[in-house]
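Engineer: Sharing a structure here in structure tokens format.
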Amino acid sequence: MRMASAQSSPPPSAEQAEQARTLITRLLGNLEKAIRGKREALELVLCCVAAGGHVLLEDVPGTGKTTLAKALALSIGGQFKRVQFTPDLLPTDIVGTSLFNPQDGTFRFKAGPIFANVLIADEINRASPRTQSALLEGLSEQQVTVDGETRSLPSPFLCIATQNPVEFHGTYPLPEASLDRFAAQLSLGYPPEAEERALLTEQRGPKPAAPLEAVCSLEEVVALQRAVEEGVRMEASVADYLLRVVHSTRGHASVRLGVSTRGALLYARMARARALVSGRDFVLPEDLKVLAVPVLTHRLVLDTRARYAGTDKQALTRDIVSAVPLPR
């Protein structure tokens with residue numbers, strides 16, 4: 001994983017920044033047709049899209065996780081695939097396998113569902129660690145290795161993995177190495193009462209995302225990701241602030257394992273994405289403060305005492321960030 005060198009890359013033109021902002025606005029408006037009353041969560045998902053990151057949705061069933069993934073795929077004109085993770089799922093069920101053709105004595109590769117623009121890994125913690133690990137290379141490097149041959153995934157590639165925060169029977173908690181691959185963890189939650197009432201009266205069919213049409217192309221999404229990587233500045237003082245926050249997680253008394261270097265890189269990339277989504281070509285400390293909980297919390301491993309004391313990790317993240325002085 002590499003960090004964009006914002007200082008050495010020319011900033012995007014005003015026209016490019018405006019194009020990026022217009023694209024995000026179109027995508028946000030389209031997604032809100034399917035997921036109502038959740039603008040903040042949708043903006044965070046779009047930040048992940050712009051940053052080329054992946055999303056871990058921890059939510060109860062029936063709150064629109066699959067609908068969100070389908071709506072996003074439709075909005076960008078991309079291919080959507082879904083994998084239901086179960087205890088008997090195999091790695092080849094995700095990445096694909098080589099099939100022997102007896103007629104000509106050759107092997108033909110049959111691609112798995114990971115070869116998509118938007119993949120939803122439903123209830124990812126219900127599969128065995130061996131199967132979960134089949135996603136790791138794809139999440140980090142946008143490629144998979146099958147039978148010794150490396151194959152690139154489509155571009156853009158976004159994985160939305162889901163977990164049920166209530167039901168833990170028969171599950172395999174995601175290890176730290178897997179959690180660290182996700183740019184952000186969030187929850188959609190139930191819609192506001194007014195929006196839920198509107199859904200009851202207006203939605204007559206089972207497919208709320210079906211009427212959606214593409215509002216941009218895959219090439220535009222790739223260009224957006226390139227603009228985030230190459231054209232958004234992070235001043236040295238803001239980068240130092242980011243590092244102070246990261247180092248504070250590593251030295252906190254209640255934290256056994258703090259934010260990794262990969263996490264710091266994703267934190268910076270998400271901040272650049274939020275800046276561009278907000279119509280700026282530079283990162284503010286406010287971007288880092290707003291993103292701290294969804295980007296950093298799932299990377300923290302509490303020590304035994306804090307874990308059994310029921311420490312709220314989100315509250316802990318807020319406390320850590322608030323204790324770090326802002327750059328002058």
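Just remember, in the structure tokens the first chain shown is A, the second B, etc., residues are 1-based per chain, and ligands are 1-based in the order shown.
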Could I get the residues of range 219-263 of chain A with an atom no further than 12 Å from an atom of range 180-189 of chain A, each paired with its nearest atom pair and that distance in Å to one decimal, using only C-alpha atoms, sorted by chain and residue number, as a Markdown table?

Structural biologist:
| residue | atom | partner | partner_atom | distance |
| --- | --- | --- | --- | --- |
| A:Leu257 | CA | A:Asp180 | CA | 11.6 |
| A:Gly258 | CA | A:Asp180 | CA | 10.8 |
| A:Val259 | CA | A:Asp180 | CA | 8.6 |
| A:Ser260 | CA | A:Asp180 | CA | 7.9 |
| A:Thr261 | CA | A:Asp180 | CA | 9.8 |
| A:Arg262 | CA | A:Asp180 | CA | 7.3 |
| A:Gly263 | CA | A:Asp180 | CA | 6.5 |

Engineer: I'd like the contact shell of Tyr190 in chain A - 10 Å cut-off, only C-alpha atoms, skipping same-chain residues fewer than 6 positions apart - returned as a list in words.

Structural biologist: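 Here the answer would be Arg36, Gly37, Lys38, Asp59, Val60, Gly62, Thr63, Gly64 and Glu196 of chain A.
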
Engineer: I'd like to know which residues of range 131-192 of chain A are strand (DSSP E or B) (by DSSP, run on the backbone); could you write them as a PDB file with all heavy atoms, in the first residue's frame?

Structural biologist:
ATOM      1  N   GLN A 143      -6.081  -7.570  -6.496  1.00  0.00           N
ATOM      2  CA  GLN A 143      -5.716  -8.716  -7.302  1.00  0.00           C
ATOM      3  C   GLN A 143      -5.886  -9.976  -6.460  1.00  0.00           C
ATOM      4  O   GLN A 143      -5.964  -9.906  -5.229  1.00  0.00           O
ATOM      5  CB  GLN A 143      -4.256  -8.618  -7.781  1.00  0.00           C
ATOM      6  CG  GLN A 143      -3.256  -8.671  -6.630  1.00  0.00           C
ATOM      7  CD  GLN A 143      -1.822  -8.537  -7.077  1.00  0.00           C
ATOM      8  OE1 GLN A 143      -1.540  -7.853  -8.052  1.00  0.00           O
ATOM      9  NE2 GLN A 143      -0.891  -9.186  -6.382  1.00  0.00           N
ATOM     10  N   VAL A 144      -5.972 -11.115  -7.122  1.00  0.00           N
ATOM     11  CA  VAL A 144      -6.023 -12.393  -6.428  1.00  0.00           C
ATOM     12  C   VAL A 144      -5.063 -13.346  -7.126  1.00  0.00           C
ATOM     13  O   VAL A 144      -4.785 -13.207  -8.322  1.00  0.00           O
ATOM     14  CB  VAL A 144      -7.443 -12.997  -6.399  1.00  0.00           C
ATOM     15  CG1 VAL A 144      -8.387 -12.132  -5.594  1.00  0.00           C
ATOM     16  CG2 VAL A 144      -7.979 -13.207  -7.815  1.00  0.00           C
ATOM     17  N   THR A 145      -4.556 -14.304  -6.366  1.00  0.00           N
ATOM     18  CA  THR A 145      -3.656 -15.314  -6.911  1.00  0.00           C
ATOM     19  C   THR A 145      -4.330 -16.667  -6.810  1.00  0.00           C
ATOM     20  O   THR A 145      -4.665 -17.124  -5.710  1.00  0.00           O
ATOM     21  CB  THR A 145      -2.323 -15.326  -6.152  1.00  0.00           C
ATOM     22  OG1 THR A 145      -1.737 -14.023  -6.217  1.00  0.00           O
ATOM     23  CG2 THR A 145      -1.363 -16.334  -6.763  1.00  0.00           C
ATOM     24  N   VAL A 146      -4.552 -17.295  -7.952  1.00  0.00           N
ATOM     25  CA  VAL A 146      -5.210 -18.597  -8.020  1.00  0.00           C
ATOM     26  C   VAL A 146      -4.315 -19.539  -8.808  1.00  0.00           C
ATOM     27  O   VAL A 146      -3.901 -19.220  -9.933  1.00  0.00           O
ATOM     28  CB  VAL A 146      -6.598 -18.505  -8.692  1.00  0.00           C
ATOM     29  CG1 VAL A 146      -7.290 -19.870  -8.686  1.00  0.00           C
ATOM     30  CG2 VAL A 146      -7.466 -17.463  -7.996  1.00  0.00           C
ATOM     31  N   GLU A 149      -1.185 -18.104 -10.346  1.00  0.00           N
ATOM     32  CA  GLU A 149      -1.298 -17.027 -11.329  1.00  0.00           C
ATOM     33  C   GLU A 149      -2.045 -15.852 -10.720  1.00  0.00           C
ATOM     34  O   GLU A 149      -3.122 -16.004 -10.146  1.00  0.00           O
ATOM     35  CB  GLU A 149      -2.026 -17.513 -12.579  1.00  0.00           C
ATOM     36  CG  GLU A 149      -2.108 -16.457 -13.673  1.00  0.00           C
ATOM     37  CD  GLU A 149      -2.721 -16.994 -14.959  1.00  0.00           C
ATOM     38  OE1 GLU A 149      -2.922 -18.222 -15.051  1.00  0.00           O
ATOM     39  OE2 GLU A 149      -3.003 -16.179 -15.865  1.00  0.00           O
ATOM     40  N   THR A 150      -1.464 -14.667 -10.851  1.00  0.00           N
ATOM     41  CA  THR A 150      -2.065 -13.455 -10.305  1.00  0.00           C
ATOM     42  C   THR A 150      -2.984 -12.819 -11.332  1.00  0.00           C
ATOM     43  O   THR A 150      -2.585 -12.617 -12.487  1.00  0.00           O
ATOM     44  CB  THR A 150      -0.971 -12.456  -9.890  1.00  0.00           C
ATOM     45  OG1 THR A 150      -0.147 -13.047  -8.877  1.00  0.00           O
ATOM     46  CG2 THR A 150      -1.584 -11.181  -9.338  1.00  0.00           C
ATOM     47  N   ARG A 151      -4.192 -12.498 -10.908  1.00  0.00           N
ATOM     48  CA  ARG A 151      -5.190 -11.898 -11.798  1.00  0.00           C
ATOM     49  C   ARG A 151      -5.693 -10.603 -11.175  1.00  0.00           C
ATOM     50  O   ARG A 151      -6.038 -10.574  -9.987  1.00  0.00           O
ATOM     51  CB  ARG A 151      -6.357 -12.861 -12.036  1.00  0.00           C
ATOM     52  CG  ARG A 151      -5.928 -14.202 -12.638  1.00  0.00           C
ATOM     53  CD  ARG A 151      -7.101 -15.166 -12.731  1.00  0.00           C
ATOM     54  NE  ARG A 151      -6.677 -16.482 -13.174  1.00  0.00           N
ATOM     55  CZ  ARG A 151      -6.586 -16.851 -14.450  1.00  0.00           C
ATOM     56  NH1 ARG A 151      -6.924 -15.985 -15.392  1.00  0.00           N
ATOM     57  NH2 ARG A 151      -6.181 -18.059 -14.782  1.00  0.00           N
ATOM     58  N   SER A 152      -5.753  -9.563 -11.974  1.00  0.00           N
ATOM     59  CA  SER A 152      -6.210  -8.260 -11.490  1.00  0.00           C
ATOM     60  C   SER A 152      -7.730  -8.232 -11.396  1.00  0.00           C
ATOM     61  O   SER A 152      -8.433  -8.808 -12.228  1.00  0.00           O
ATOM     62  CB  SER A 152      -5.726  -7.150 -12.429  1.00  0.00           C
ATOM     63  OG  SER A 152      -4.319  -7.096 -12.450  1.00  0.00           O
ATOM     64  N   LEU A 158     -14.829  -2.290  -5.057  1.00  0.00           N
ATOM     65  CA  LEU A 158     -15.236  -1.940  -3.696  1.00  0.00           C
ATOM     66  C   LEU A 158     -15.894  -3.140  -3.053  1.00  0.00           C
ATOM     67  O   LEU A 158     -16.795  -3.759  -3.633  1.00  0.00           O
ATOM     68  CB  LEU A 158     -16.230  -0.767  -3.703  1.00  0.00           C
ATOM     69  CG  LEU A 158     -16.883  -0.444  -2.354  1.00  0.00           C
ATOM     70  CD1 LEU A 158     -15.871   0.182  -1.398  1.00  0.00           C
ATOM     71  CD2 LEU A 158     -18.083   0.477  -2.513  1.00  0.00           C
ATOM     72  N   CYS A 159     -15.429  -3.498  -1.869  1.00  0.00           N
ATOM     73  CA  CYS A 159     -16.053  -4.567  -1.088  1.00  0.00           C
ATOM     74  C   CYS A 159     -16.814  -3.953   0.078  1.00  0.00           C
ATOM     75  O   CYS A 159     -16.270  -3.136   0.827  1.00  0.00           O
ATOM     76  CB  CYS A 159     -14.996  -5.542  -0.570  1.00  0.00           C
ATOM     77  SG  CYS A 159     -15.674  -6.852   0.494  1.00  0.00           S
ATOM     78  N   ILE A 160     -18.076  -4.331   0.201  1.00  0.00           N
ATOM     79  CA  ILE A 160     -18.887  -3.960   1.358  1.00  0.00           C
ATOM     80  C   ILE A 160     -19.166  -5.239   2.132  1.00  0.00           C
ATOM     81  O   ILE A 160     -19.915  -6.101   1.676  1.00  0.00           O
ATOM     82  CB  ILE A 160     -20.200  -3.281   0.931  1.00  0.00           C
ATOM     83  CG1 ILE A 160     -19.914  -1.990   0.167  1.00  0.00           C
ATOM     84  CG2 ILE A 160     -21.073  -2.989   2.147  1.00  0.00           C
ATOM     85  CD1 ILE A 160     -21.153  -1.267  -0.321  1.00  0.00           C
ATOM     86  N   ALA A 161     -18.514  -5.385   3.275  1.00  0.00           N
ATOM     87  CA  ALA A 161     -18.704  -6.568   4.110  1.00  0.00           C
ATOM     88  C   ALA A 161     -19.677  -6.232   5.233  1.00  0.00           C
ATOM     89  O   ALA A 161     -19.678  -5.111   5.750  1.00  0.00           O
ATOM     90  CB  ALA A 161     -17.371  -7.035   4.679  1.00  0.00           C
ATOM     91  N   THR A 162     -20.501  -7.212   5.612  1.00  0.00           N
ATOM     92  CA  THR A 162     -21.492  -6.970   6.650  1.00  0.00           C
ATOM     93  C   THR A 162     -21.293  -7.927   7.820  1.00  0.00           C
ATOM     94  O   THR A 162     -20.807  -9.051   7.650  1.00  0.00           O
ATOM     95  CB  THR A 162     -22.931  -7.125   6.117  1.00  0.00           C
ATOM     96  OG1 THR A 162     -23.231  -8.512   5.901  1.00  0.00           O
ATOM     97  CG2 THR A 162     -23.109  -6.361   4.813  1.00  0.00           C
ATOM     98  N   GLN A 163     -21.679  -7.446   8.992  1.00  0.00           N
ATOM     99  CA  GLN A 163     -21.692  -8.250  10.207  1.00  0.00           C
ATOM    100  C   GLN A 163     -22.951  -7.928  10.991  1.00  0.00           C
ATOM    101  O   GLN A 163     -23.407  -6.779  11.001  1.00  0.00           O
ATOM    102  CB  GLN A 163     -20.478  -7.952  11.096  1.00  0.00           C
ATOM    103  CG  GLN A 163     -19.159  -8.416  10.546  1.00  0.00           C
ATOM    104  CD  GLN A 163     -18.040  -8.266  11.570  1.00  0.00           C
ATOM    105  OE1 GLN A 163     -17.259  -9.171  11.777  1.00  0.00           O
ATOM    106  NE2 GLN A 163     -17.952  -7.129  12.217  1.00  0.00           N
ATOM    107  N   ALA A 184     -13.237   1.965   6.516  1.00  0.00           N
ATOM    108  CA  ALA A 184     -14.156   2.506   7.525  1.00  0.00           C
ATOM    109  C   ALA A 184     -15.143   1.447   7.963  1.00  0.00           C
ATOM    110  O   ALA A 184     -15.495   0.543   7.196  1.00  0.00           O
ATOM    111  CB  ALA A 184     -14.908   3.719   6.967  1.00  0.00           C
ATOM    112  N   GLN A 185     -15.574   1.561   9.195  1.00  0.00           N
ATOM    113  CA  GLN A 185     -16.654   0.732   9.723  1.00  0.00           C
ATOM    114  C   GLN A 185     -17.790   1.662  10.128  1.00  0.00           C
ATOM    115  O   GLN A 185     -17.563   2.664  10.818  1.00  0.00           O
ATOM    116  CB  GLN A 185     -16.201  -0.074  10.931  1.00  0.00           C
ATOM    117  CG  GLN A 185     -17.320  -0.923  11.541  1.00  0.00           C
ATOM    118  CD  GLN A 185     -16.840  -1.750  12.736  1.00  0.00           C
ATOM    119  OE1 GLN A 185     -15.654  -1.828  13.013  1.00  0.00           O
ATOM    120  NE2 GLN A 185     -17.769  -2.368  13.436  1.00  0.00           N
ATOM    121  N   LEU A 186     -18.997   1.333   9.696  1.00  0.00           N
ATOM    122  CA  LEU A 186     -20.132   2.177  10.029  1.00  0.00           C
ATOM    123  C   LEU A 186     -21.393   1.352  10.150  1.00  0.00           C
ATOM    124  O   LEU A 186     -21.405   0.145   9.875  1.00  0.00           O
ATOM    125  CB  LEU A 186     -20.328   3.272   8.981  1.00  0.00           C
ATOM    126  CG  LEU A 186     -20.722   2.822   7.559  1.00  0.00           C
ATOM    127  CD1 LEU A 186     -21.669   3.823   6.936  1.00  0.00           C
ATOM    128  CD2 LEU A 186     -19.483   2.693   6.691  1.00  0.00           C
TER     129      LEU A 186
END

Engineer: Restricting the calculation to only C-alpha atoms: of A:His252, A:Lys65, A:Arg82, A:Arg328, which residue gets closest to Leu302 in chain A?

Structural biologist: A:His252

Engineer: Quick one: everything within 9 Å of Gln84 in chain A, counting only C-alpha atoms, minus sequence neighbours fewer than 4 positions away in the same chain. Send it as a PyMOL selection string.

Structural biologist: chain A and resi 89+120-124+126

Engineer: Which residue, A:Gly170, A:Gly112, A:Lys313, A:Pro156, has the smallest gap to Ala223 in chain A when you use only C-alpha atoms?

Structural biologist: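 Selected residue with least distance to Ala223 in chain A: A:Pro156.
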
Engineer: Tell me which protein, DNA and RNA residues are within 8 Å of range 19-24 of chain A, counting only C-alpha atoms, leaving out same-chain ones fewer than 6 positions away, and put them as a ChimeraX atom specification.

Structural biologist: /A:46,216,224,276-279

Engineer: Can you work out which one of A:Asp147, A:Glu193, A:Lys81, A:His169 has the shortest atom-to-atom distance to Leu99 in chain A, counting only C-alpha atoms?

Structural biologist: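 When distances to Leu99 in chain A are compared using only C-alpha atoms, the smallest one comes from A:Asp147.
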
Engineer: Report the distance between CA of Phe115 in chain A and CA of Leu68 in chain A in Å, rounded to one decimal place.

Structural biologist: 18.8 Å

Engineer: Rounded to one decimal place, report the CA of Pro165 in chain A-CA of Glu58 in chain A distance in Å.

Structural biologist: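 Separation between CA of Pro165 in chain A and CA of Glu58 in chain A: 5.9 Å.
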
Engineer: Quick one: distance from CA of Thr249 in chain A to CA of Leu288 in chain A in Å, one decimal?

Structural biologist: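 Atom-to-atom, CA of Thr249 in chain A and CA of Leu288 in chain A are spaced 14.2 Å apart.
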